[in-house]
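Here is structure.cif, consisting of mmCIF, C-alpha atoms:
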data_target
loop_
_atom_site.label_atom_id
_atom_site.label_comp_id
_atom_site.auth_asym_id
_atom_site.auth_seq_id
_atom_site.Cartn_x
_atom_site.Cartn_y
_atom_site.Cartn_z
CA PRO G 240 -12.82 -8.22 10.52
CA GLU G 241 -9.33 -8.42 8.99
CA LYS G 242 -9.23 -4.67 8.35
CA THR G 243 -9.99 -3.89 12.00
CA MET G 244 -7.27 -6.28 13.17
CA ARG G 245 -4.60 -5.20 10.69
CA PRO G 246 -3.10 -2.43 12.83
CA GLU G 247 -2.42 -4.91 15.66
CA ALA G 248 0.53 -6.32 13.67
CA GLN G 249 2.33 -3.01 14.34
CA VAL G 250 1.60 -2.91 18.09
CA LEU G 251 4.41 -4.31 20.25
CA GLY G 252 1.96 -4.77 23.11
CA SER G 253 0.03 -7.38 21.09
CA ASN G 254 1.02 -10.84 19.88
CA MET G 255 -0.98 -10.42 16.65
CA GLY G 256 1.29 -10.55 13.60
CA THR G 257 4.36 -11.54 15.63
CA ILE G 258 6.87 -14.34 15.89
CA MET G 259 7.43 -15.04 19.58
CA ARG G 260 10.39 -16.62 21.32
CA ILE G 261 9.42 -19.10 24.00
CA SER G 262 11.47 -21.19 26.41
CA ALA G 263 11.33 -24.98 26.79
CA ASP G 264 8.68 -24.64 29.51
CA GLY G 265 6.38 -22.72 27.12
CA LYS G 266 6.83 -19.34 28.75
CA GLY G 267 7.85 -16.24 26.84
CA ALA G 268 11.62 -15.84 26.59
CA GLN G 269 12.91 -12.29 26.59
CA VAL G 270 14.35 -10.81 23.42
CA LYS G 271 16.97 -8.26 24.44
CA ARG G 272 15.81 -5.67 21.95
CA PHE G 273 12.45 -5.22 23.71
CA VAL G 274 13.43 -5.61 27.38
CA GLY G 275 12.58 -2.39 29.18
CA ARG G 276 10.74 -0.92 26.18
CA ALA G 277 7.49 0.53 27.52
CA GLY G 278 4.45 -1.47 26.42
CA ALA G 279 6.43 -4.06 24.42
CA LEU G 280 5.91 -7.76 25.08
CA PRO G 281 9.43 -9.06 25.78
CA GLU G 282 8.84 -12.40 23.99
CA ILE G 283 8.31 -10.78 20.57
CA TRP G 284 11.07 -11.86 18.19
CA SER G 285 9.75 -10.01 15.12
CA TRP G 286 6.54 -8.26 14.13
CA GLY G 287 4.62 -6.91 11.15
CA HIS G 288 3.71 -10.35 9.78
CA ARG G 289 0.38 -10.91 8.02
CA ASN G 290 -0.28 -14.65 7.93
CA PRO G 291 2.73 -16.97 8.44
CA GLN G 292 2.16 -20.41 6.93
CA GLY G 293 5.48 -22.23 6.81
CA ALA G 294 8.78 -22.02 8.61
CA THR G 295 12.02 -23.94 8.49
CA TRP G 296 15.58 -23.59 9.69
CA GLY G 297 17.91 -22.89 6.79
CA PRO G 298 21.28 -24.56 6.36
CA ASP G 299 22.70 -21.24 7.53
CA GLY G 300 20.98 -21.66 10.93
CA ARG G 301 18.52 -18.83 10.31
CA LEU G 302 14.74 -19.06 10.57
CA TRP G 303 13.03 -18.80 7.17
CA LEU G 304 9.33 -18.03 7.06
CA HIS G 305 6.73 -17.58 4.37
CA GLU G 306 3.37 -15.92 4.70
CA HIS G 307 0.22 -15.29 2.74
CA GLY G 308 -0.28 -11.81 1.38
CA PRO G 309 -3.64 -10.46 0.30
CA GLN G 310 -4.31 -10.89 -3.43
CA GLY G 311 -0.57 -11.06 -4.04
CA GLY G 312 2.41 -10.17 -1.94
CA ASP G 313 3.07 -13.67 -0.58
CA GLU G 314 6.47 -13.38 1.08
CA ILE G 315 9.54 -15.33 2.10
CA ASN G 316 11.44 -13.69 4.93
CA ILE G 317 14.55 -14.52 6.90
CA VAL G 318 13.33 -13.71 10.39
CA ARG G 319 15.75 -11.61 12.40
CA ALA G 320 15.33 -10.57 16.02
CA GLY G 321 13.76 -7.14 16.34
CA ASN G 322 12.85 -6.73 12.66
CA ASN G 323 9.56 -5.19 11.60
CA TYR G 324 8.29 -6.89 8.40
CA GLY G 325 5.85 -4.09 7.64
CA TRP G 326 2.31 -5.48 7.56
CA PRO G 327 -0.04 -3.61 7.00
CA VAL G 328 2.03 -0.47 6.43
CA ILE G 329 3.97 -1.95 3.51
CA THR G 330 2.92 -4.86 1.30
CA TYR G 331 2.99 -6.01 -2.31
CA GLY G 332 -0.61 -7.25 -1.94
CA ARG G 333 -3.92 -5.53 -2.67
CA ASN G 334 -7.35 -5.50 -1.05
CA TYR G 335 -9.37 -8.54 -2.14
CA VAL G 336 -12.66 -6.91 -3.12
CA THR G 337 -11.56 -3.56 -4.49
CA GLY G 338 -8.01 -4.30 -5.64
CA THR G 339 -6.91 -1.03 -4.03
CA ARG G 340 -3.56 -0.48 -2.39
CA ILE G 341 -3.04 -1.40 1.26
CA GLY G 342 -0.95 0.81 3.50
CA GLU G 343 1.68 3.25 2.29
CA GLY G 344 3.30 1.28 -0.52
CA THR G 345 5.98 -1.41 -0.72
CA GLU G 346 8.89 0.21 1.13
CA LYS G 347 9.43 2.28 4.25
CA PRO G 348 12.58 2.98 6.28
CA GLY G 349 12.83 0.72 9.31
CA MET G 350 10.71 -2.03 7.74
CA ALA G 351 12.30 -5.13 6.25
CA GLN G 352 11.81 -6.12 2.64
CA PRO G 353 10.93 -9.74 1.90
CA LEU G 354 13.65 -11.96 0.53
CA TRP G 355 11.14 -12.91 -2.17
CA HIS G 356 7.50 -12.14 -2.97
CA TRP G 357 4.92 -13.57 -5.34
CA THR G 358 2.35 -11.41 -7.11
CA PRO G 359 -0.12 -12.77 -8.04
CA SER G 360 -0.49 -14.96 -4.96
CA ILE G 361 0.54 -18.62 -4.96
CA ALA G 362 -0.84 -19.22 -1.42
CA PRO G 363 2.38 -20.77 -0.04
CA SER G 364 2.14 -23.81 2.19
CA GLY G 365 4.99 -26.04 3.42
CA MET G 366 8.65 -25.17 2.96
CA ALA G 367 11.83 -27.25 3.12
CA PHE G 368 15.51 -26.93 2.31
CA TYR G 369 16.98 -29.82 0.38
CA ASP G 370 20.26 -31.34 1.53
CA GLY G 371 19.91 -34.93 0.32
CA ASP G 372 21.95 -36.99 -2.12
CA ARG G 373 19.14 -38.15 -4.40
CA PHE G 374 19.03 -34.84 -6.32
CA PRO G 375 22.55 -33.37 -5.96
CA ASP G 376 21.78 -30.38 -8.22
CA TRP G 377 19.07 -29.31 -5.74
CA ARG G 378 21.25 -29.25 -2.61
CA GLY G 379 20.92 -25.98 -0.70
CA GLN G 380 17.76 -24.93 -2.53
CA VAL G 381 14.44 -24.20 -0.87
CA PHE G 382 11.14 -25.74 -1.95
CA VAL G 383 7.77 -24.09 -1.31
CA GLY G 384 4.40 -25.73 -1.82
CA ALA G 385 1.60 -23.70 -3.40
CA LEU G 386 -2.11 -24.07 -2.72
CA ALA G 387 -3.50 -21.59 -5.26
CA GLY G 388 -0.53 -22.09 -7.56
CA ARG G 389 -0.99 -25.87 -7.46
CA THR G 390 2.70 -26.67 -7.74
CA LEU G 391 6.00 -26.92 -5.93
CA TRP G 392 8.32 -23.96 -6.36
CA ARG G 393 12.09 -24.44 -6.39
CA LEU G 394 14.14 -21.40 -5.43
CA GLN G 395 17.82 -21.44 -6.30
CA LEU G 396 19.84 -19.49 -3.74
CA ASP G 397 23.33 -18.05 -3.61
CA ALA G 398 25.61 -18.46 -0.58
CA ALA G 399 24.11 -15.36 1.10
CA GLY G 400 20.55 -16.69 0.72
CA ASN G 401 19.50 -14.41 -2.14
CA VAL G 402 17.11 -15.85 -4.71
CA LEU G 403 18.94 -16.28 -8.02
CA ALA G 404 16.15 -18.08 -9.87
CA ARG G 405 12.78 -19.68 -9.22
CA GLU G 406 10.71 -22.15 -11.15
CA PRO G 407 7.83 -24.52 -10.62
CA VAL G 408 8.83 -28.18 -10.62
CA PRO G 409 7.26 -29.34 -13.94
CA GLU G 410 6.41 -32.88 -12.81
CA VAL G 411 4.51 -31.53 -9.81
CA GLN G 412 2.84 -28.74 -11.77
CA ALA G 413 1.51 -31.34 -14.22
CA LEU G 414 -0.40 -32.98 -11.34
CA GLY G 415 -2.52 -29.84 -10.89
CA GLN G 416 -2.85 -30.49 -7.15
CA ARG G 417 -2.83 -28.08 -4.22
CA ILE G 418 0.44 -28.76 -2.38
CA ARG G 419 -0.10 -28.50 1.37
CA ASP G 420 3.32 -29.49 2.68
CA VAL G 421 6.77 -30.53 1.51
CA ARG G 422 9.38 -32.47 3.48
CA GLN G 423 12.63 -34.22 2.75
CA GLY G 424 12.66 -37.86 3.81
CA PRO G 425 15.60 -39.77 5.28
CA ASP G 426 16.00 -41.44 1.86
CA GLY G 427 16.73 -38.08 0.22
CA ALA G 428 13.39 -37.94 -1.62
CA LEU G 429 10.98 -35.00 -1.42
CA TYR G 430 7.55 -35.90 -0.08
CA LEU G 431 4.47 -33.79 -0.78
CA LEU G 432 1.14 -33.64 1.00
CA VAL G 433 -1.69 -32.89 -1.44
#

Rewrite the structure of this file - the entire thing - as structure tokens.
Amino acid sequence: PEKTMRPEAQVLGSNMGTIMRISADGKGAQVKRFVGRAGALPEIWSWGHRNPQGATWGPDGRLWLHEHGPQGGDEINIVRAGNNYGWPVITYGRNYVTGTRIGEGTEKPGMAQPLWHWTPSIAPSGMAFYDGDRFPDWRGQVFVGALAGRTLWRLQLDAAGNVLAREPVPEVQALGQRIRDVRQGPDGALYLLV
């Protein structure tokens, strides 16, 4: 069924594979880029997403999102209004059964590249930026839980939000547990749901 639904992520008249903007009353809020565009749903903020799993507002005020790729190609994206994130035309993932390529490759003009991608897949779950005092060296870094990877990833970022380095947190990796969510508590600690 996934193969038959894949093309919907590239159709602006469908909500499949999209991030939508809604108003406080739950109705679709218009995104200027799509107003008046024939066949486009005006509430679409971005499209071309495969399987979003976690989202958080970054310290820069932008929406950060991660999504599952197929057999690799898990992505972190900074979601910008009107951007096409490429699924299923471009991806770093492969078909599950055959391992064959999906789409046209990993790049195409007019389609956004992920900020970061994991191949092989880690199956990302929760995501949180750290801004507490308990671990001052971690301030401004993003943490991503991993189901298949069974760890917590720490991504060190520069001021522009580019990934400078990434590593699993050794103490969490030693647990060998699927991490379902990660949150920062009011006490400055990181809390994990396993």

Item to check | Shortest interatomic distance to G:Gly427 - which of G:Glu406, G:Asp313, G:Asp370, G:Glu282, counting all atoms listed in the file | outcome: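 Looking at the shortest contact to G:Gly427, the residue is G:Asp370.
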
Next on the checklist: What does the structure give for the distance between atom CA of G:Phe368 and atom CA of G:Gly308, in Å to one decimal?
Outcome noted: 21.9 Å

Checklist outcome for this item: Separating atom CA of G:Ile261 from atom CA of G:Gly293, to the nearest tenth of an Å, is a gap of 17.9 Å

Next on the checklist: Please compute the atom CA of G:Arg373-atom CA of G:Tyr430 distance, one decimal, in Å.
Outcome noted: 12.6 Å

Next on the checklist: Can you pull out the residues contacting G:Gly312? Cut-off 8 Å, using all atoms listed in the file, and skip same-chain residues under 2 positions away; I want them as a PyMOL selection string.
Outcome noted: chain G and resi 307-310+314+330-333+356-360

Item to check | Selection result for the PyMOL selection byres ((chain G and resi 416-419) around 9) on this file, as JSON, numbers by chain | outcome: {"G": [363, 364, 365, 383, 384, 385, 386, 387, 388, 389, 390, 391, 411, 412, 413, 414, 415, 420, 421, 431, 432, 433]}

Expected file contents, prior selection, C-alpha atoms, as a PDB file, keeping the file's coordinate frame:
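Written output follows (again.pdb):
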ATOM      1  CA  PRO G 363       2.380 -20.770  -0.040  1.00  0.00           C
ATOM      2  CA  SER G 364       2.140 -23.810   2.190  1.00  0.00           C
ATOM      3  CA  GLY G 365       4.990 -26.040   3.420  1.00  0.00           C
ATOM      4  CA  VAL G 383       7.770 -24.090  -1.310  1.00  0.00           C
ATOM      5  CA  GLY G 384       4.400 -25.730  -1.820  1.00  0.00           C
ATOM      6  CA  ALA G 385       1.600 -23.700  -3.400  1.00  0.00           C
ATOM      7  CA  LEU G 386      -2.110 -24.070  -2.720  1.00  0.00           C
ATOM      8  CA  ALA G 387      -3.500 -21.590  -5.260  1.00  0.00           C
ATOM      9  CA  GLY G 388      -0.530 -22.090  -7.560  1.00  0.00           C
ATOM     10  CA  ARG G 389      -0.990 -25.870  -7.460  1.00  0.00           C
ATOM     11  CA  THR G 390       2.700 -26.670  -7.740  1.00  0.00           C
ATOM     12  CA  LEU G 391       6.000 -26.920  -5.930  1.00  0.00           C
ATOM     13  CA  VAL G 411       4.510 -31.530  -9.810  1.00  0.00           C
ATOM     14  CA  GLN G 412       2.840 -28.740 -11.770  1.00  0.00           C
ATOM     15  CA  ALA G 413       1.510 -31.340 -14.220  1.00  0.00           C
ATOM     16  CA  LEU G 414      -0.400 -32.980 -11.340  1.00  0.00           C
ATOM     17  CA  GLY G 415      -2.520 -29.840 -10.890  1.00  0.00           C
ATOM     18  CA  ASP G 420       3.320 -29.490   2.680  1.00  0.00           C
ATOM     19  CA  VAL G 421       6.770 -30.530   1.510  1.00  0.00           C
ATOM     20  CA  LEU G 431       4.470 -33.790  -0.780  1.00  0.00           C
ATOM     21  CA  LEU G 432       1.140 -33.640   1.000  1.00  0.00           C
ATOM     22  CA  VAL G 433      -1.690 -32.890  -1.440  1.00  0.00           C
TER      23      VAL G 433
END

Checklist entry - Applied to the shown file, which residues does the PyMOL selection byres ((chain G and resi 304) around 9) return, written as a list in words? => result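 With the PyMOL selection byres ((chain G and resi 304) around 9) on this model, the match is Pro291, Gln292, Gly293, Ala294, Thr295, Trp296, Leu302, Trp303, His305, Glu306, Glu314, Ile315, Asn316, Ile317, Val318 and Met366 of chain G.
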
Checklist entry - Which is closest to G:Ala277 among G:Leu251, G:Gly344, G:Pro425, G:Phe374, if we use all atoms listed in the file? => result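 Closest to G:Ala277, using all atoms listed in the file: G:Leu251.
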
Checklist entry - Which residue, G:Val336, G:Ala268, G:Met350, G:Val274, has the smallest gap to G:His288 when you use all atoms listed in the file? => result G:Met350

Checklist entry - What residues come out when you apply the PyMOL selection byres ((chain G and resi 283) around 9) to this file, written as a list in words? => result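 Selection result, ordered by chain and number: Leu251, Ser253, Asn254, Thr257, Ile258, Met259, Arg260, Gly267, Ala268, Gln269, Val270, Phe273, Ala279, Leu280, Pro281, Glu282, Trp284, Ser285, Trp286, Ala320 and Gly321 of chain G.
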
Written selection (C-alpha atoms) as a PDB file, in the coordinates of the input:
ATOM      1  CA  LEU G 251       4.410  -4.310  20.250  1.00  0.00           C
ATOM      2  CA  SER G 253       0.030  -7.380  21.090  1.00  0.00           C
ATOM      3  CA  ASN G 254       1.020 -10.840  19.880  1.00  0.00           C
ATOM      4  CA  THR G 257       4.360 -11.540  15.630  1.00  0.00           C
ATOM      5  CA  ILE G 258       6.870 -14.340  15.890  1.00  0.00           C
ATOM      6  CA  MET G 259       7.430 -15.040  19.580  1.00  0.00           C
ATOM      7  CA  ARG G 260      10.390 -16.620  21.320  1.00  0.00           C
ATOM      8  CA  GLY G 267       7.850 -16.240  26.840  1.00  0.00           C
ATOM      9  CA  ALA G 268      11.620 -15.840  26.590  1.00  0.00           C
ATOM     10  CA  GLN G 269      12.910 -12.290  26.590  1.00  0.00           C
ATOM     11  CA  VAL G 270      14.350 -10.810  23.420  1.00  0.00           C
ATOM     12  CA  PHE G 273      12.450  -5.220  23.710  1.00  0.00           C
ATOM     13  CA  ALA G 279       6.430  -4.060  24.420  1.00  0.00           C
ATOM     14  CA  LEU G 280       5.910  -7.760  25.080  1.00  0.00           C
ATOM     15  CA  PRO G 281       9.430  -9.060  25.780  1.00  0.00           C
ATOM     16  CA  GLU G 282       8.840 -12.400  23.990  1.00  0.00           C
ATOM     17  CA  TRP G 284      11.070 -11.860  18.190  1.00  0.00           C
ATOM     18  CA  SER G 285       9.750 -10.010  15.120  1.00  0.00           C
ATOM     19  CA  TRP G 286       6.540  -8.260  14.130  1.00  0.00           C
ATOM     20  CA  ALA G 320      15.330 -10.570  16.020  1.00  0.00           C
ATOM     21  CA  GLY G 321      13.760  -7.140  16.340  1.00  0.00           C
TER      22      GLY G 321
END

Grab all the atoms of stretch 340-349 of chain G that the file lists, wrap them in a box along x, y and z, add 4 Å per side, and give me centre plus edge lengths in Å (one decimal) as AutoDock Vina command-line options.
--center_x 4.6 --center_y 0.9 --center_z 3.5 --size_x 24.4 --size_y 12.7 --size_z 19.7

Checklist entry - With distances taken over only C-alpha atoms, which of G:Gly300, G:Gly311, G:Ala399, G:Met255 is nearest to G:Gly338? => result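 Nearest to G:Gly338: G:Gly311.
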
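Minimum atom-to-atom distance to G:Gln423, evaluated using all atoms listed in the file, belongs to G:Trp377 out of G:Tyr335, G:Trp377, G:Trp326, G:Trp355.
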
Mind rebuilding stretch 391-424 of chain G with N, CA and C atoms and writing that out as a CSV table (one decimal), in the frame of the given file?
chain,number,residue,atom,x,y,z
G,391,LEU,N,4.9,-27.0,-6.9
G,391,LEU,CA,6.0,-26.9,-5.9
G,391,LEU,C,7.0,-26.0,-6.6
G,392,TRP,N,7.3,-24.9,-5.9
G,392,TRP,CA,8.3,-24.0,-6.4
G,392,TRP,C,9.7,-24.3,-5.9
G,393,ARG,N,10.7,-24.2,-6.7
G,393,ARG,CA,12.1,-24.4,-6.4
G,393,ARG,C,12.8,-23.1,-6.5
G,394,LEU,N,13.4,-22.7,-5.4
G,394,LEU,CA,14.1,-21.4,-5.4
G,394,LEU,C,15.6,-21.7,-5.3
G,395,GLN,N,16.4,-21.3,-6.3
G,395,GLN,CA,17.8,-21.4,-6.3
G,395,GLN,C,18.4,-20.3,-5.6
G,396,LEU,N,19.3,-20.5,-4.6
G,396,LEU,CA,19.8,-19.5,-3.7
G,396,LEU,C,21.3,-19.4,-3.9
G,397,ASP,N,21.9,-18.2,-3.7
G,397,ASP,CA,23.3,-18.0,-3.6
G,397,ASP,C,23.8,-18.3,-2.2
G,398,ALA,N,25.1,-18.2,-1.9
G,398,ALA,CA,25.6,-18.5,-0.6
G,398,ALA,C,25.1,-17.5,0.5
G,399,ALA,N,24.6,-16.3,0.1
G,399,ALA,CA,24.1,-15.4,1.1
G,399,ALA,C,22.6,-15.6,1.3
G,400,GLY,N,22.0,-16.5,0.6
G,400,GLY,CA,20.6,-16.7,0.7
G,400,GLY,C,19.7,-15.8,-0.2
G,401,ASN,N,20.3,-15.2,-1.2
G,401,ASN,CA,19.5,-14.4,-2.1
G,401,ASN,C,18.9,-15.3,-3.2
G,402,VAL,N,17.8,-15.0,-3.7
G,402,VAL,CA,17.1,-15.8,-4.7
G,402,VAL,C,17.7,-15.5,-6.1
G,403,LEU,N,18.3,-16.5,-6.7
G,403,LEU,CA,18.9,-16.3,-8.0
G,403,LEU,C,17.9,-16.6,-9.1
G,404,ALA,N,17.1,-17.6,-8.9
G,404,ALA,CA,16.2,-18.1,-9.9
G,404,ALA,C,15.1,-18.8,-9.2
G,405,ARG,N,13.9,-18.9,-9.8
G,405,ARG,CA,12.8,-19.7,-9.2
G,405,ARG,C,12.0,-20.3,-10.4
G,406,GLU,N,11.5,-21.5,-10.1
G,406,GLU,CA,10.7,-22.2,-11.2
G,406,GLU,C,9.8,-23.2,-10.5
G,407,PRO,N,8.6,-23.4,-11.1
G,407,PRO,CA,7.8,-24.5,-10.6
G,407,PRO,C,8.5,-25.8,-11.1
G,408,VAL,N,8.3,-26.9,-10.2
G,408,VAL,CA,8.8,-28.2,-10.6
G,408,VAL,C,7.8,-28.8,-11.6
G,409,PRO,N,8.2,-29.0,-12.9
G,409,PRO,CA,7.3,-29.3,-13.9
G,409,PRO,C,6.5,-30.6,-13.6
G,410,GLU,N,7.1,-31.6,-13.1
G,410,GLU,CA,6.4,-32.9,-12.8
G,410,GLU,C,5.3,-32.7,-11.8
G,411,VAL,N,5.5,-31.8,-10.8
G,411,VAL,CA,4.5,-31.5,-9.8
G,411,VAL,C,3.4,-30.6,-10.4
G,412,GLN,N,3.8,-29.6,-11.2
G,412,GLN,CA,2.8,-28.7,-11.8
G,412,GLN,C,1.9,-29.5,-12.7
G,413,ALA,N,2.4,-30.5,-13.3
G,413,ALA,CA,1.5,-31.3,-14.2
G,413,ALA,C,0.4,-32.1,-13.4
G,414,LEU,N,0.6,-32.3,-12.2
G,414,LEU,CA,-0.4,-33.0,-11.3
G,414,LEU,C,-1.6,-32.1,-11.1
G,415,GLY,N,-1.4,-30.8,-11.1
G,415,GLY,CA,-2.5,-29.8,-10.9
G,415,GLY,C,-3.1,-29.9,-9.5
G,416,GLN,N,-2.4,-30.3,-8.5
G,416,GLN,CA,-2.8,-30.5,-7.2
G,416,GLN,C,-2.4,-29.4,-6.2
G,417,ARG,N,-3.2,-29.0,-5.2
G,417,ARG,CA,-2.8,-28.1,-4.2
G,417,ARG,C,-1.8,-28.8,-3.3
G,418,ILE,N,-0.6,-28.2,-3.2
G,418,ILE,CA,0.4,-28.8,-2.4
G,418,ILE,C,0.4,-28.1,-1.0
G,419,ARG,N,0.1,-29.0,0.0
G,419,ARG,CA,-0.1,-28.5,1.4
G,419,ARG,C,1.2,-28.5,2.2
G,420,ASP,N,2.1,-29.4,1.9
G,420,ASP,CA,3.3,-29.5,2.7
G,420,ASP,C,4.4,-30.2,1.8
G,421,VAL,N,5.6,-29.9,2.2
G,421,VAL,CA,6.8,-30.5,1.5
G,421,VAL,C,7.8,-30.8,2.6
G,422,ARG,N,8.4,-32.0,2.5
G,422,ARG,CA,9.4,-32.5,3.5
G,422,ARG,C,10.4,-33.3,2.7
G,423,GLN,N,11.6,-33.3,3.2
G,423,GLN,CA,12.6,-34.2,2.8
G,423,GLN,C,12.6,-35.4,3.7
G,424,GLY,N,12.6,-36.6,3.0
G,424,GLY,CA,12.7,-37.9,3.8
G,424,GLY,C,14.1,-38.3,4.1
